[in-house]
Structures are given as C-alpha cells and as structure tokens.
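S.K.: Handing you a structure now.
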Amino acid sequence: MLSASLIRIPLRICHPQICARWLSGAAKDKTQLGLVPTLHSTIKTGTSGSEVTVSGWVRSVRVQKRLAFAEISDGSTLRGIQIIMDDPQMAAGLSTGCSVEIKGRLTESPGREQSKEIQAIDVCIIGSADPETYPLQKKRHTMEFLREIGHIRPRSQTISAVTRLRDHTEMGLHKFFHDNEFVRIHTPTITTNDCEGGGETFQLATPGTENPASDFFGKKVNLTVSGQLHLEVYSNAFKRVYNFNQAFRAEPSQTGRHLSEFWMVEAECAFVRKLEQLLSVEEQMIRSTTQYLLDNAGNELDFFAQKHEALAKLVQRIVSSEPYVRITYTEAIDILQKADASQKFVFKPQWGQGLQSEHERYLATKHFDGPVFVTDYPAEIKPFYMLPNPGGKTVACMDLLVPGPCELLGGSLREHDFGRIKDKIKAFGIEKGSLDWYTSLRRYGTTPHGGFGMGFERYIQMVTGLESIRDIIPFPRHSGRCLY
C-alpha cells in the first residue's frame with residue numbers, strides 16, 4: 001500500500017487495482033479504437049484549454065525550484081510534447097525512459113519548436129526506468145552505440161524519425177502502384193532459384209538430415225534473393241504487378257552498404273517494348289513517393305536535412321519536373337576515363353567491366369549532382385534474362401544512380417523469345433530443367449515485357465543521408481551479426 005502522504009501528491013506508481021478508477025476516467029479521451037490518442041493527434045486536433053490524457057515515454061526531466069518540466073514521446077511525432085508541472089513534487093520518481101500517463105490541460109506553447117504543451121494535472125508512472133542503467137540519456141549518441149542497444153534505440157530521435165519515414169515511404173509506394181493499376185503479388189520467401197545466379201543464397205535444411213537436397217522439400221531450396229522470376233509469372237496474367245518483400249543475400253561484406261536481410265520493391269510490366277517506358281515508370285515512382293514524403297513527413301525530412309546540407313537540394317531535384325539524366329554505359333565509361341586523372345580511381349574504368357561504387361558515386365554526386373540513369377550495359381556482365389540490344393553486344397537494362405547509396409535500382413527488358421532464353425540458360429550453366437517453368441512462359445502467349453527492383457533501405461538512405469544502411473532497418477543482419 002502507498003502511504004497517505006504519498007497519495008496526496010498527484011504522482012502515482014500505477015498498478016491495476018490502484019489506478020483502475022483513474023484509468024477508467026481516461027476513457028473519455030480515447031479514440032474510436034478504444035485507445036488513448038497519440039501525441040500526433042492530440043497536438044494536431046486538440047484545442048487550447050481542453051483537458052487531455054496522453055501517454056508515452058519520458059525523454060528528459062528538468063526540476064527547478066518552483067516548476068518541473070518533462071518531455072515525453074510516443075513515436076508519433078518528431079519532438080514529443082513538453083509537460084509543465086506547477087509543483088516540482090509531481091516530478092518525483094520521473095526519470096528518462098520511464099513510461100507515463102498524464103492528464104492535463106492543452107495550451108499554446110511559446111516555444112518555437114512545438115505548437116502546444118500540457119499543463120499537468122495528474123502524473124502517473126506506469127513503468128519505471130533505472131536512471132543509473134538506462135542507456136539513452138539526453139546527449140548525442142553515436143550510431144555505432146545505438147546499434148549495440150537495438151532493443152532500446154527505437155526511442156532515439158534519429159531512429160524514431162527513420163522508422164516513421166519507412167512507414168510513410170511504404171505507404172507512398174503502395175499509393176503510386178495502386179493509383180497506376182498495379183496489382184501487388186506476394187512472392188515466396190522460400191524458392192528453388194537464385195534469380196541472378198550469383199550463388200550468394202542462404203540454403204535451407206531441416207534438422208536431422210545430412211543432405212539438404214533431400215530434406216523436407218525433396219530438393220535444394222534457399223531464401224529468395226529476388227521475387228523477379230515469380231513476378232514474371234503473374235505479369236503473364238496481370239499486365240502490371242509489383243511486390244514488397246524481404247530478400248536475403250549471403251554476401252560476407254562488412255561495409256555499411258550491404259545487409260543479409262533487406263526489403264525490395266519490384267515491378268514487372270507486360271507489353272513493354274522500349275526501355276524508355278520502364279525508365280518513365282521508375283522515375284515517376286521515385287518522384288511520386290518522394291513528394292508523398294514531403295506532404296506527409298516533412299518534419300522528418302527537415303530533421304535530416306539540418307544535418308546534411310545537400311539533402312534538401314537533392315529532394316527538391318527528385319520531385320522537380322525536370323527529367324532525370326539518362327546516359328549509356330559507354331558514355332559513363334567515357335566520362336569516368338576523362339575524370340580518372342584528377343579523381344585517381346582505385347579501379348580504372350574500362351569498357352566491359354562493372355561500375356564500382358567509386359565510379360557510381362562520382363557520376364551521381366560530382367559530375368551530375370543528382371539522379372542519373374545509366375543504360376545499355378555489356379551483355380557479358382549482366383544476368384541471363386536481360387533482352388539483348390541489336391547486335392547483341394549490350395543489353396536493354398538500366399541502373400539508377402543517386403547521391404548517397406549510389407545504385408538505387410536496376411532493371412531491364414526481359415528476354416521473351418523461347419529459343420533464345422533456353423540458349424542463354426544453357427550458356428550460363430544453370431542446372432538443366434530447373435527453370436523450365438520460367439522458360440515455358442515464352443511458349444504460351446509470350447509478350448515483350450520488363451521490370452525493375454529497388455532496395456527499400458537504399459531509398460531511405462538517400463532521403464536521410466545516413467552513411468550506414470544498418471541504421472535504416474529495424475534489426476540489421478549482416479555477416480557476423482544477428483542480434484535479437
């Protein structure tokens with residue numbers, strides 16, 4: 001039982017039996033879902049002078065002689081909301097990290113960083129947090145430190161902002177595709193194909209079996225690296241399809257550009273004869289999604305732009321009506337070779353070799369200072385499914401390069417001739433018969449078609465300016481690292 005002297009203070013440590021009356025009284029402030037409103041909706045729709053109930057986690061506490069202040073957040077806003085307590089005793093027991101429910105009066109805020117604040121009437125601690133051990137204090141933490149406390153880092157301002165941007169970006173992408181009559185397809189996570197043939201797949205086996213090829217499925221299976229081939233199946237029945245799925249790659253890279261588990265947005269379109277048609281779809285997707293962020297997550301974009309001066313300029317360039325730059329691979333090599341004397345690239349740009357990250361970075365960040373499509377790569381360095389250009393030396397493909405993550409997306413027209421695709425699969429050394437289902441699509445009503453895939457985390461990296469992609473995804477997995 002709480003002592004009588006403590007009960008008279010408007011601060012309480014809440015337990016179901018003690019606070020049932022107080023919590024039931026808060027029901028008047030709940031939404032139609034039966035939940036206490038978020039801080040976002042309270043700030044946006046609440047009227048000055050009205051009595052409100054809010055809940056969240058304490059970011060900071062400041063106690064003065066006659067007043068006390070606390071900032072609380074619930075993940076729905078960038079800066080949370082300030083709580084003003086006329087009696088410093090109301091802050092007794094409050095510490096950074098504890099969860100609270102607060103009843104108070106909403107008032108206009110004189111501060112520049114927030115429009116409203118709350119004059120506390122009643123403060124209730126739901127869950128305490130030991131101030132001596134709670135890892136997130138009101139100071140700057142490095143991103144490396146935040147990765148070590150992945151179970152707590154969602155409460156940090158940076159990761160909280162990234163998380164809301166992920167949510168809004170996904171909504172913006174779905175809106176773009178649905179507005180343009182694409183149908184979402186749930187492509188499988190478990191598959192028998194490698195898609196691009198890189199061999200960097202996670203193979204699956206069931207416990208107690210010695211040979212993964214004779215386990216549960218009766219054949220070798222792995223986690224998908226791409227849903228493209230499965231999307232092509234549905235693009236032979238629905239003209240426009242897309243997915244938003246996880247992908248997995250067993251690449252032992254330790255750089256901040258790679259993850260072993262990530263999200264991909266992929267699309268396939270039937271009856272597409274020219275590469276320019278795909279470029280237009282991709283450009284409009286990036287432009288539309290970024291505009292959606294400006295309209296719905298402007299505060300978050302501004303938060304990151306304050307740390308990276310070039311971000312605001314890049315975002316405005318992306319949403320402008322000015323077409324993105326388009327050059328061929330051959331033109332890109334020519335630009336890079338001319339710049340080599342001053343840039344001193346580690347990898348010398350040569351026709352027939354893939355573009356390295358330093359080459360992509362130079363093109364997108366220095367030479368063009370914005371998004372640039374590079375098209376028509378040599379056929380020898382691209383996968384089997386890409387459609388050859390006349391002459392066969394290059395294929396009808398593209399990469400979109402942007403400042404930050406460099407390669408944002410890639411795609412191509414697909415080979416739609418049955419005989420040619422069979423010959424290419426044989427030439428690439430792919431197991432005989434393993435893709436018969438895929439090649440047979442060319443026998444039954446084949447169409448010229450094409451598609452592309454975009455790394456979801458790389459898009460977020462572009463609009464936030466964060467250096468490591470490991471700070472973009474909630475639970476990063478990469479070589480040597482799989483916490484939680």
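Chain labels run A, B, ... following the order of the structure tokens; each chain numbers its residues from 1, and ligands are numbered from 1 in the order shown.
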Find the residues around A:Thr107 up to 7 Å (only C-alpha atoms counted), leave out those fewer than 3 positions away in its own chain, and share them as a list of chain:residue names.
M.R.: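 With the cut-off at 7 Å, the set is A:Ser48, A:Gly49, A:Lys116, A:Glu117, A:Ile118.
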S.K.: Could you write those residues out with C-alpha atoms, as an mmCIF file, in the first residue's frame?
M.R.:
data_model
loop_
_atom_site.group_PDB
_atom_site.id
_atom_site.type_symbol
_atom_site.label_atom_id
_atom_site.label_comp_id
_atom_site.auth_asym_id
_atom_site.auth_seq_id
_atom_site.Cartn_x
_atom_site.Cartn_y
_atom_site.Cartn_z
ATOM 1 C CA SER A 48 -6.212 25.019 -26.435
ATOM 2 C CA GLY A 49 -7.699 24.858 -22.946
ATOM 3 C CA LYS A 116 1.396 23.034 -27.906
ATOM 4 C CA GLU A 117 2.334 21.889 -24.414
ATOM 5 C CA ILE A 118 0.468 20.395 -21.482
#
S.K.: As a ChimeraX atom specification, please: all residues of stretch 180-262 of chain A that backbone DSSP puts in alpha helix (DSSP H).
M.R.: /A:228-235
S.K.: Take the residues that were just selected and, keeping C-alpha atoms, output them as a tab-separated table (two decimals), in the first residue's frame.
M.R.:
chain	number	residue	atom	x	y	z
A	228	GLN	CA	11.51	-11.16	-60.10
A	229	LEU	CA	11.04	-14.55	-61.74
A	230	HIS	CA	7.85	-15.19	-59.77
A	231	LEU	CA	6.56	-11.71	-60.62
A	232	GLU	CA	7.10	-12.52	-64.30
A	233	VAL	CA	4.68	-15.43	-63.88
A	234	TYR	CA	1.96	-13.05	-62.78
A	235	SER	CA	2.87	-10.41	-65.36
S.K.: Residues within 8 Å of stretch 76-85 of chain A, please, as a PDB file with N, CA, C and O atoms, in the first residue's frame. Count only C-alpha atoms; anything in the same chain fewer than 6 positions from it doesn't count.
M.R.:
ATOM      1  N   THR A  38      -2.761   9.307 -29.849  1.00  0.00           N
ATOM      2  CA  THR A  38      -1.324   9.547 -29.974  1.00  0.00           C
ATOM      3  C   THR A  38      -1.036  11.024 -29.731  1.00  0.00           C
ATOM      4  O   THR A  38      -1.930  11.887 -29.806  1.00  0.00           O
ATOM      5  N   LEU A  39       0.226  11.327 -29.461  1.00  0.00           N
ATOM      6  CA  LEU A  39       0.606  12.729 -29.306  1.00  0.00           C
ATOM      7  C   LEU A  39       0.377  13.488 -30.611  1.00  0.00           C
ATOM      8  O   LEU A  39       0.004  14.670 -30.586  1.00  0.00           O
ATOM      9  N   HIS A  40       0.596  12.819 -31.727  1.00  0.00           N
ATOM     10  CA  HIS A  40       0.384  13.473 -33.022  1.00  0.00           C
ATOM     11  C   HIS A  40      -1.048  13.977 -33.152  1.00  0.00           C
ATOM     12  O   HIS A  40      -1.283  15.136 -33.520  1.00  0.00           O
ATOM     13  N   LEU A  67       9.038  24.889 -10.475  1.00  0.00           N
ATOM     14  CA  LEU A  67       8.427  24.195 -11.609  1.00  0.00           C
ATOM     15  C   LEU A  67       9.228  22.941 -11.951  1.00  0.00           C
ATOM     16  O   LEU A  67      10.390  22.800 -11.556  1.00  0.00           O
ATOM     17  N   ALA A  68       8.603  22.070 -12.685  1.00  0.00           N
ATOM     18  CA  ALA A  68       9.293  20.912 -13.252  1.00  0.00           C
ATOM     19  C   ALA A  68       8.821  20.724 -14.690  1.00  0.00           C
ATOM     20  O   ALA A  68       7.668  21.043 -15.026  1.00  0.00           O
ATOM     21  N   PHE A  69       9.707  20.225 -15.535  1.00  0.00           N
ATOM     22  CA  PHE A  69       9.398  20.029 -16.944  1.00  0.00           C
ATOM     23  C   PHE A  69       9.794  18.606 -17.353  1.00  0.00           C
ATOM     24  O   PHE A  69      10.779  18.062 -16.867  1.00  0.00           O
ATOM     25  N   ALA A  70       9.014  18.050 -18.231  1.00  0.00           N
ATOM     26  CA  ALA A  70       9.345  16.745 -18.796  1.00  0.00           C
ATOM     27  C   ALA A  70       8.952  16.738 -20.266  1.00  0.00           C
ATOM     28  O   ALA A  70       7.935  17.327 -20.648  1.00  0.00           O
ATOM     29  N   ALA A  91       7.043  15.688 -10.208  1.00  0.00           N
ATOM     30  CA  ALA A  91       8.088  15.016 -10.980  1.00  0.00           C
ATOM     31  C   ALA A  91       8.837  13.975 -10.160  1.00  0.00           C
ATOM     32  O   ALA A  91       9.764  13.336 -10.685  1.00  0.00           O
ATOM     33  N   GLU A 113       9.849  25.387 -31.230  1.00  0.00           N
ATOM     34  CA  GLU A 113       9.957  24.017 -31.723  1.00  0.00           C
ATOM     35  C   GLU A 113       8.702  23.189 -31.508  1.00  0.00           C
ATOM     36  O   GLU A 113       8.654  22.034 -31.913  1.00  0.00           O
ATOM     37  N   GLN A 114       7.705  23.739 -30.845  1.00  0.00           N
ATOM     38  CA  GLN A 114       6.469  22.997 -30.638  1.00  0.00           C
ATOM     39  C   GLN A 114       5.300  23.964 -30.591  1.00  0.00           C
ATOM     40  O   GLN A 114       5.443  25.109 -30.158  1.00  0.00           O
ATOM     41  N   LYS A 116       2.216  23.199 -29.111  1.00  0.00           N
ATOM     42  CA  LYS A 116       1.396  23.034 -27.906  1.00  0.00           C
ATOM     43  C   LYS A 116       2.201  22.365 -26.811  1.00  0.00           C
ATOM     44  O   LYS A 116       3.208  21.687 -27.064  1.00  0.00           O
ATOM     45  N   GLU A 117       1.764  22.553 -25.578  1.00  0.00           N
ATOM     46  CA  GLU A 117       2.334  21.889 -24.414  1.00  0.00           C
ATOM     47  C   GLU A 117       1.197  21.556 -23.463  1.00  0.00           C
ATOM     48  O   GLU A 117       0.031  21.940 -23.695  1.00  0.00           O
ATOM     49  N   ILE A 118       1.506  20.849 -22.403  1.00  0.00           N
ATOM     50  CA  ILE A 118       0.468  20.395 -21.482  1.00  0.00           C
ATOM     51  C   ILE A 118       0.796  20.836 -20.070  1.00  0.00           C
ATOM     52  O   ILE A 118       1.912  20.604 -19.571  1.00  0.00           O
ATOM     53  N   GLN A 119      -0.167  21.485 -19.436  1.00  0.00           N
ATOM     54  CA  GLN A 119      -0.077  21.824 -18.021  1.00  0.00           C
ATOM     55  C   GLN A 119      -0.611  20.626 -17.240  1.00  0.00           C
ATOM     56  O   GLN A 119      -1.801  20.328 -17.285  1.00  0.00           O
ATOM     57  N   ALA A 120       0.282  19.933 -16.536  1.00  0.00           N
ATOM     58  CA  ALA A 120      -0.085  18.668 -15.904  1.00  0.00           C
ATOM     59  C   ALA A 120      -1.048  18.862 -14.737  1.00  0.00           C
ATOM     60  O   ALA A 120      -0.898  19.779 -13.924  1.00  0.00           O
ATOM     61  N   ILE A 121      -2.049  18.003 -14.671  1.00  0.00           N
ATOM     62  CA  ILE A 121      -2.954  17.928 -13.532  1.00  0.00           C
ATOM     63  C   ILE A 121      -2.648  16.677 -12.709  1.00  0.00           C
ATOM     64  O   ILE A 121      -2.648  16.697 -11.481  1.00  0.00           O
ATOM     65  N   GLN A 157      15.761   9.784 -31.129  1.00  0.00           N
ATOM     66  CA  GLN A 157      15.091  10.676 -32.079  1.00  0.00           C
ATOM     67  C   GLN A 157      15.413  10.302 -33.522  1.00  0.00           C
ATOM     68  O   GLN A 157      14.533  10.319 -34.390  1.00  0.00           O
ATOM     69  N   SER A 160      13.737   6.910 -34.432  1.00  0.00           N
ATOM     70  CA  SER A 160      12.297   7.155 -34.459  1.00  0.00           C
ATOM     71  C   SER A 160      11.897   7.838 -35.764  1.00  0.00           C
ATOM     72  O   SER A 160      10.904   7.476 -36.401  1.00  0.00           O
ATOM     73  N   ALA A 161      12.693   8.825 -36.186  1.00  0.00           N
ATOM     74  CA  ALA A 161      12.408   9.531 -37.440  1.00  0.00           C
ATOM     75  C   ALA A 161      12.574   8.604 -38.643  1.00  0.00           C
ATOM     76  O   ALA A 161      11.774   8.638 -39.585  1.00  0.00           O
ATOM     77  N   ARG A 164       9.469   6.302 -38.899  1.00  0.00           N
ATOM     78  CA  ARG A 164       8.287   6.956 -39.490  1.00  0.00           C
ATOM     79  C   ARG A 164       8.474   7.156 -40.992  1.00  0.00           C
ATOM     80  O   ARG A 164       7.518   7.024 -41.766  1.00  0.00           O
ATOM     81  N   ASN A 299       8.494  17.078 -41.533  1.00  0.00           N
ATOM     82  CA  ASN A 299       9.309  17.340 -40.346  1.00  0.00           C
ATOM     83  C   ASN A 299      10.493  16.391 -40.266  1.00  0.00           C
ATOM     84  O   ASN A 299      11.605  16.787 -39.888  1.00  0.00           O
ATOM     85  N   GLU A 300      10.255  15.130 -40.612  1.00  0.00           N
ATOM     86  CA  GLU A 300      11.336  14.149 -40.585  1.00  0.00           C
ATOM     87  C   GLU A 300      12.388  14.459 -41.648  1.00  0.00           C
ATOM     88  O   GLU A 300      13.593  14.363 -41.390  1.00  0.00           O
TER      89      GLU A 300
END
S.K.: Show me, as CSV, the residues of stretch 180-270 of chain A having an atom within 10 Å of stretch 415-436 of chain A, each with the closest atom pair and its distance in Å, using only C-alpha atoms.
M.R.:
residue,atom,partner,partner_atom,distance
A:Thr192,CA,A:Ser434,CA,8.0
A:Asn193,CA,A:Ser434,CA,7.7
A:Asp194,CA,A:Ile430,CA,9.6
A:Cys195,CA,A:Leu435,CA,9.8
A:Gly197,CA,A:Ile430,CA,7.8
A:Leu229,CA,A:Leu435,CA,9.6
S.K.: With C-alpha atoms retained, could you export that selection as a PDB file, in the first residue's frame?
M.R.:
ATOM      1  CA  THR A 192      14.500 -23.156 -55.694  1.00  0.00           C
ATOM      2  CA  ASN A 193      16.059 -20.444 -57.884  1.00  0.00           C
ATOM      3  CA  ASP A 194      18.889 -17.955 -57.486  1.00  0.00           C
ATOM      4  CA  CYS A 195      17.446 -15.433 -59.983  1.00  0.00           C
ATOM      5  CA  GLY A 197      22.854 -16.707 -60.500  1.00  0.00           C
ATOM      6  CA  LEU A 229      11.039 -14.550 -61.741  1.00  0.00           C
TER       7      LEU A 229
END
S.K.: Select, from A:Gly46, A:Gly404, A:Pro131, A:Gly56, the residue with the minimum atom-to-atom distance to A:Glu467, counting only C-alpha atoms.
M.R.: A:Gly404
S.K.: Taking the chain letters and numbering used in this document, name the residues of stretch 74-123 of chain A that DSSP puts in strand (DSSP E or B), as number ranges by chain.
M.R.: A: 81-85, 99-108, 116-123
S.K.: Quick one: residues within 8 Å of stretch 251-262 of chain A, only C-alpha atoms counted, chain neighbours fewer than 6 positions away excluded, as a list of chain:residue names?
M.R.: A:Glu200, A:Pro405, A:Gly455, A:Phe456, A:Glu457, A:Glu467, A:Ser468, A:Ile469, A:Arg470, A:Ile473, A:Pro476, A:Arg477, A:His478, A:Ser479
S.K.: Of the candidates A:Gly75, A:Pro207, A:Thr189, A:Glu181, which shows the shortest atom-to-atom distance to A:Ser156, using only C-alpha atoms?
M.R.: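 Under the stated criterion, the closest residue is A:Gly75.
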S.K.: May I ask for the distance between atom CA of A:Glu101 and atom CA of A:Lys138, given in Å to one decimal place?
M.R.: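 Atom-to-atom, atom CA of A:Glu101 to atom CA of A:Lys138, that is 20.7 Å.
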S.K.: Let me make sure I understand: among A:Ile286, A:Ala270, A:Cys406, A:Ala297, which one has the smallest atom-to-atom distance to A:Gly465 if we use only C-alpha atoms?
M.R.: A:Cys406
S.K.: Give me the residues within 8 Å of A:Tyr242 as an NGL selection string, counting only C-alpha atoms and dropping any in the same chain fewer than 2 places off.
M.R.: :A and (177 or 182-185 or 231 or 240 or 244 or 265-268)
S.K.: If I take atom CA of A:Lys219 and atom CA of A:Phe384, how far is one from the other in Å, to one decimal?
M.R.: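 Separation between atom CA of A:Lys219 and atom CA of A:Phe384: 23.0 Å.
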S.K.: Compile the contact shell of A:Val395 as an MDAnalysis selection string: residues with an atom at most 10 Å away, counting only C-alpha atoms, same-chain residues fewer than 3 positions apart removed.
M.R.: chainID A and resid 375:383 385:392 398 412:415
S.K.: What gap, in Å, lies between atom CA of A:Asn236 and atom CA of A:Phe176?
M.R.: 21.3 Å
S.K.: Could the residues of stretch 179-288 of chain A that have an atom at most 12 Å from stretch 305-325 of chain A be listed as a tab-separated table, each with its closest atom pair and the distance in Å to one decimal, counting only C-alpha atoms and ordered by chain and ascending residue number?
M.R.:
residue	atom	partner	partner_atom	distance
A:Glu276	CA	A:Tyr324	CA	11.9
A:Leu279	CA	A:Tyr324	CA	9.4
A:Ser280	CA	A:Pro323	CA	9.2
A:Glu282	CA	A:Tyr324	CA	10.4
A:Glu283	CA	A:Tyr324	CA	7.3
A:Gln284	CA	A:Val319	CA	9.0
A:Met285	CA	A:Val319	CA	10.3
A:Ile286	CA	A:Ile318	CA	7.4
A:Arg287	CA	A:Val319	CA	4.8
A:Ser288	CA	A:Val319	CA	7.3
S.K.: Keeping only all heavy atoms, write those residues as a PDB file, in the first residue's frame.
M.R.:
ATOM      1  N   GLU A 276      12.731   2.976 -72.575  1.00  0.00           N
ATOM      2  CA  GLU A 276      12.296   4.286 -72.108  1.00  0.00           C
ATOM      3  C   GLU A 276      10.976   4.209 -71.339  1.00  0.00           C
ATOM      4  O   GLU A 276      10.718   5.025 -70.449  1.00  0.00           O
ATOM      5  CB  GLU A 276      12.142   5.246 -73.297  1.00  0.00           C
ATOM      6  CG  GLU A 276      13.454   5.712 -73.915  1.00  0.00           C
ATOM      7  CD  GLU A 276      14.148   4.631 -74.722  1.00  0.00           C
ATOM      8  OE1 GLU A 276      13.470   3.623 -75.076  1.00  0.00           O
ATOM      9  OE2 GLU A 276      15.357   4.768 -74.996  1.00  0.00           O
ATOM     10  N   LEU A 279      11.960   3.329 -67.814  1.00  0.00           N
ATOM     11  CA  LEU A 279      12.594   4.483 -67.181  1.00  0.00           C
ATOM     12  C   LEU A 279      11.545   5.479 -66.697  1.00  0.00           C
ATOM     13  O   LEU A 279      11.664   6.062 -65.622  1.00  0.00           O
ATOM     14  CB  LEU A 279      13.554   5.170 -68.153  1.00  0.00           C
ATOM     15  CG  LEU A 279      14.757   4.353 -68.651  1.00  0.00           C
ATOM     16  CD1 LEU A 279      15.595   5.180 -69.606  1.00  0.00           C
ATOM     17  CD2 LEU A 279      15.590   3.864 -67.503  1.00  0.00           C
ATOM     18  N   SER A 280      10.521   5.667 -67.498  1.00  0.00           N
ATOM     19  CA  SER A 280       9.454   6.594 -67.129  1.00  0.00           C
ATOM     20  C   SER A 280       8.717   6.121 -65.882  1.00  0.00           C
ATOM     21  O   SER A 280       8.425   6.911 -64.979  1.00  0.00           O
ATOM     22  CB  SER A 280       8.478   6.747 -68.298  1.00  0.00           C
ATOM     23  OG  SER A 280       7.394   7.586 -67.942  1.00  0.00           O
ATOM     24  N   GLU A 282       9.880   4.123 -63.509  1.00  0.00           N
ATOM     25  CA  GLU A 282      10.793   4.230 -62.364  1.00  0.00           C
ATOM     26  C   GLU A 282      10.921   5.676 -61.892  1.00  0.00           C
ATOM     27  O   GLU A 282      10.879   5.960 -60.687  1.00  0.00           O
ATOM     28  CB  GLU A 282      12.167   3.686 -62.764  1.00  0.00           C
ATOM     29  CG  GLU A 282      12.161   2.203 -63.055  1.00  0.00           C
ATOM     30  CD  GLU A 282      13.363   1.746 -63.849  1.00  0.00           C
ATOM     31  OE1 GLU A 282      14.108   2.615 -64.364  1.00  0.00           O
ATOM     32  OE2 GLU A 282      13.563   0.532 -63.974  1.00  0.00           O
ATOM     33  N   GLU A 283      11.086   6.574 -62.840  1.00  0.00           N
ATOM     34  CA  GLU A 283      11.238   7.981 -62.485  1.00  0.00           C
ATOM     35  C   GLU A 283       9.995   8.513 -61.793  1.00  0.00           C
ATOM     36  O   GLU A 283      10.083   9.214 -60.772  1.00  0.00           O
ATOM     37  CB  GLU A 283      11.548   8.793 -63.746  1.00  0.00           C
ATOM     38  CG  GLU A 283      11.825  10.260 -63.483  1.00  0.00           C
ATOM     39  CD  GLU A 283      12.370  10.974 -64.716  1.00  0.00           C
ATOM     40  OE1 GLU A 283      13.080  10.332 -65.525  1.00  0.00           O
ATOM     41  OE2 GLU A 283      12.078  12.175 -64.860  1.00  0.00           O
ATOM     42  N   GLN A 284       8.828   8.161 -62.314  1.00  0.00           N
ATOM     43  CA  GLN A 284       7.588   8.621 -61.690  1.00  0.00           C
ATOM     44  C   GLN A 284       7.378   7.990 -60.319  1.00  0.00           C
ATOM     45  O   GLN A 284       6.836   8.631 -59.414  1.00  0.00           O
ATOM     46  CB  GLN A 284       6.403   8.311 -62.608  1.00  0.00           C
ATOM     47  CG  GLN A 284       6.348   9.155 -63.863  1.00  0.00           C
ATOM     48  CD  GLN A 284       6.306  10.652 -63.542  1.00  0.00           C
ATOM     49  OE1 GLN A 284       5.645  11.096 -62.607  1.00  0.00           O
ATOM     50  NE2 GLN A 284       7.035  11.443 -64.324  1.00  0.00           N
ATOM     51  N   MET A 285       7.814   6.753 -60.141  1.00  0.00           N
ATOM     52  CA  MET A 285       7.705   6.104 -58.836  1.00  0.00           C
ATOM     53  C   MET A 285       8.545   6.843 -57.790  1.00  0.00           C
ATOM     54  O   MET A 285       8.068   7.138 -56.683  1.00  0.00           O
ATOM     55  CB  MET A 285       8.161   4.649 -58.919  1.00  0.00           C
ATOM     56  CG  MET A 285       8.118   3.899 -57.586  1.00  0.00           C
ATOM     57  SD  MET A 285       8.918   2.277 -57.637  1.00  0.00           S
ATOM     58  CE  MET A 285      10.664   2.772 -57.675  1.00  0.00           C
ATOM     59  N   ILE A 286       9.789   7.158 -58.138  1.00  0.00           N
ATOM     60  CA  ILE A 286      10.671   7.864 -57.208  1.00  0.00           C
ATOM     61  C   ILE A 286      10.138   9.263 -56.930  1.00  0.00           C
ATOM     62  O   ILE A 286      10.086   9.721 -55.781  1.00  0.00           O
ATOM     63  CB  ILE A 286      12.099   7.945 -57.775  1.00  0.00           C
ATOM     64  CG1 ILE A 286      12.666   6.548 -58.009  1.00  0.00           C
ATOM     65  CG2 ILE A 286      12.995   8.740 -56.828  1.00  0.00           C
ATOM     66  CD1 ILE A 286      12.797   5.720 -56.759  1.00  0.00           C
ATOM     67  N   ARG A 287       9.706   9.949 -57.978  1.00  0.00           N
ATOM     68  CA  ARG A 287       9.204  11.319 -57.815  1.00  0.00           C
ATOM     69  C   ARG A 287       7.929  11.334 -56.966  1.00  0.00           C
ATOM     70  O   ARG A 287       7.794  12.134 -56.044  1.00  0.00           O
ATOM     71  CB  ARG A 287       8.944  11.937 -59.192  1.00  0.00           C
ATOM     72  CG  ARG A 287       8.449  13.379 -59.139  1.00  0.00           C
ATOM     73  CD  ARG A 287       8.264  13.954 -60.530  1.00  0.00           C
ATOM     74  NE  ARG A 287       9.547  14.233 -61.172  1.00  0.00           N
ATOM     75  CZ  ARG A 287       9.975  13.633 -62.275  1.00  0.00           C
ATOM     76  NH1 ARG A 287       9.211  12.705 -62.862  1.00  0.00           N
ATOM     77  NH2 ARG A 287      11.146  13.942 -62.795  1.00  0.00           N
ATOM     78  N   SER A 288       6.995  10.439 -57.264  1.00  0.00           N
ATOM     79  CA  SER A 288       5.723  10.401 -56.544  1.00  0.00           C
ATOM     80  C   SER A 288       5.913  10.037 -55.076  1.00  0.00           C
ATOM     81  O   SER A 288       5.315  10.660 -54.181  1.00  0.00           O
ATOM     82  CB  SER A 288       4.785   9.385 -57.213  1.00  0.00           C
ATOM     83  OG  SER A 288       3.627   9.173 -56.451  1.00  0.00           O
TER      84      SER A 288
END
S.K.: When distances are computed from only C-alpha atoms, which of A:Val272, A:Met171, A:Val281, A:Leu146 shows the smallest separation from A:Ile159?
M.R.: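 Nearest to A:Ile159: A:Leu146.
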